[in-house]
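Below is one structure, written out as structure tokens; the observations come after it.
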Amino acid sequence: MLPDWKKKLRENVQKVKERVQRAKELAKRTDEVFILPVTKTKSTEIIRALNDLGFRVFGENRVREAKEKFRELNNVKFEMIGHLQTNKVKDAIDIFVRIQSVDSLRLLNEINKSAAKKGITMPVLIEINISGESQKYGFLPREVMDLFRMSSSLKFVNIEGLMGMASLTNDVDKIRKEFSTLRILYERLNAEGYNLNVLSMGMSDDFDLAIMEGSNMVRIGRAFFEGIET
């Protein structure tokens with residue numbers, strides 16, 4: 001028999017999958033929406049339990065914490081979704097399969113430099129500040145076209161898509177408008193020939209809306225762990 005917390009985790013995962021499916025149906029979508037569990041502050045035991053439920057890639061916010069988990073776990077991969085300091089880039093590219101939170105040209109250049117030294121090409125997403133809130137990281141939408149043009153000379157990063165967070169609000173129209181801004185930017189970049197394939201937007205409170213606005217990757221933390229003590 002499963003321990004109570006594992007049973008609750010399984011129930012939560014099922015609820016999230018059902019919400020994803022409902023949102024896809026409302027949006028008349030048949031493509032895949034990738035669910036990325038966000039496991040910051042969560043134990044390796046919980047990550048193993050999620051791995052048993054079919055998850056292979058996990059989102060982490062801090063290099064040090066992810067490094068400790070990386071040492072302990074086999075058969076899982078990590079993506080960086082939190083703010084990354086330039087002095088942590090060398091460690092980050094050793095741990096993460098993708099860095100979602102590239103929020104400055106300086107950081108992108110540093111990733112390119114470190115990846116060049118390792119002889120790899122590092123997959124990244126560009127973080128866009130779609131809420132316009134000063135406390136959030138990321139490029140403003142109006143800065144992004146110039147960024148992509150400037151970054152074309154960087155040979156050791158592969159920009160695979162965009163990432164963003166909507167405002168923390170109950171205003172559904174505002175949230176949808178912010179997600180729509182990111183989707184339109186994503187579509188515009190693809191029209192320019194940049195071949196992006198990841199639109200990472202939507203978290204526990206708003207991922208249904210994100211899916212209806214075109215997200216193909218949602219980052220889920222709290223909705224997986226409600227009612228779980230371990």
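Going by the structure tokens order, chains are called A, B, ..., each with residues numbered from 1, while ligands are numbered from 1 in the order shown.
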*asked:* Applying 7 Å and only C-alpha atoms, which residues near segment 166-172 of chain A remain after dropping the ones on its own chain fewer than 6 positions away? List them as a PyMOL selection string.
replied: chain A and resi 130-131+178-179
Near segment 152-163 of chain A, 9 Å: segment 70-114 of chain A residue rows, closest pairs, only C-alpha atoms, as CSV:
residue,atom,partner,partner_atom,distance
A:Ile81,CA,A:Met163,CA,9.0
A:Gln100,CA,A:Met163,CA,6.5
A:Ser101,CA,A:Met163,CA,7.1
A:Val102,CA,A:Met163,CA,8.9
A:Leu108,CA,A:Val157,CA,7.8
A:Asn109,CA,A:Leu154,CA,7.5
A:Ile111,CA,A:Val157,CA,7.1
A:Asn112,CA,A:Phe156,CA,5.0
A:Lys113,CA,A:Phe156,CA,7.5
A:Ser114,CA,A:Phe156,CA,8.6
*Identify, on the basis of only C-alpha atoms, every residue whose closest approach to Met203 of chain A does not exceed 8 Å; exclude the query and any residue fewer than 2 positions from it along the same chain; express the result as a ChimeraX atom specification.*
/A:165,201,205-207,218-221
_Give me, as number ranges by chain, the residues of segment 36-208 of chain A that a backbone DSSP run labels strand (DSSP E or B)._
A: 36-38, 57-60, 77-80, 96-102, 122-128, 139, 157-164, 198-201
*For Leu9 of chain A, work out the shell of residues within 8 Å, counting only C-alpha atoms and skipping chain neighbours fewer than 4 positions away, then give it as a list in words.*
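After dropping sequence-adjacent residues, the list is Trp5, Val13, Phe224, Phe225 and Ile228 of chain A.
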With all heavy atoms kept, could you save the residues just selected as a tab-separated table (two decimals), in the first residue's frame?
chain	number	residue	atom	x	y	z
A	5	TRP	N	1.23	10.20	1.71
A	5	TRP	CA	1.70	11.33	0.92
A	5	TRP	C	1.88	10.96	-0.55
A	5	TRP	O	1.63	11.77	-1.44
A	5	TRP	CB	2.99	11.93	1.50
A	5	TRP	CG	4.22	11.11	1.34
A	5	TRP	CD1	4.75	10.22	2.23
A	5	TRP	CD2	5.13	11.13	0.23
A	5	TRP	NE1	5.91	9.67	1.73
A	5	TRP	CE2	6.17	10.22	0.53
A	5	TRP	CE3	5.17	11.83	-0.97
A	5	TRP	CZ2	7.23	9.98	-0.36
A	5	TRP	CZ3	6.22	11.60	-1.85
A	5	TRP	CH2	7.24	10.68	-1.55
A	13	VAL	N	-1.34	14.90	-9.07
A	13	VAL	CA	-0.84	14.81	-10.44
A	13	VAL	C	-1.99	14.54	-11.41
A	13	VAL	O	-2.08	15.17	-12.48
A	13	VAL	CB	0.24	13.71	-10.55
A	13	VAL	CG1	0.52	13.36	-12.01
A	13	VAL	CG2	1.53	14.15	-9.86
A	224	PHE	N	0.90	20.39	-7.36
A	224	PHE	CA	1.33	19.01	-7.16
A	224	PHE	C	1.46	18.66	-5.67
A	224	PHE	O	1.29	17.50	-5.29
A	224	PHE	CB	2.68	18.76	-7.82
A	224	PHE	CG	2.61	18.41	-9.28
A	224	PHE	CD1	3.72	18.56	-10.09
A	224	PHE	CD2	1.44	17.95	-9.87
A	224	PHE	CE1	3.69	18.25	-11.44
A	224	PHE	CE2	1.38	17.64	-11.21
A	224	PHE	CZ	2.50	17.79	-12.01
A	225	PHE	N	1.76	19.66	-4.85
A	225	PHE	CA	2.20	19.37	-3.48
A	225	PHE	C	1.22	19.78	-2.40
A	225	PHE	O	1.53	19.68	-1.20
A	225	PHE	CB	3.56	20.01	-3.23
A	225	PHE	CG	4.58	19.65	-4.27
A	225	PHE	CD1	5.21	20.62	-5.04
A	225	PHE	CD2	4.88	18.31	-4.52
A	225	PHE	CE1	6.12	20.28	-6.03
A	225	PHE	CE2	5.80	17.96	-5.50
A	225	PHE	CZ	6.42	18.95	-6.26
A	228	ILE	N	0.65	17.79	1.14
A	228	ILE	CA	1.77	16.86	1.34
A	228	ILE	C	2.78	17.46	2.31
A	228	ILE	O	3.25	18.58	2.10
A	228	ILE	CB	2.45	16.54	-0.01
A	228	ILE	CG1	1.47	15.78	-0.91
A	228	ILE	CG2	3.72	15.73	0.19
A	228	ILE	CD1	1.97	15.55	-2.31
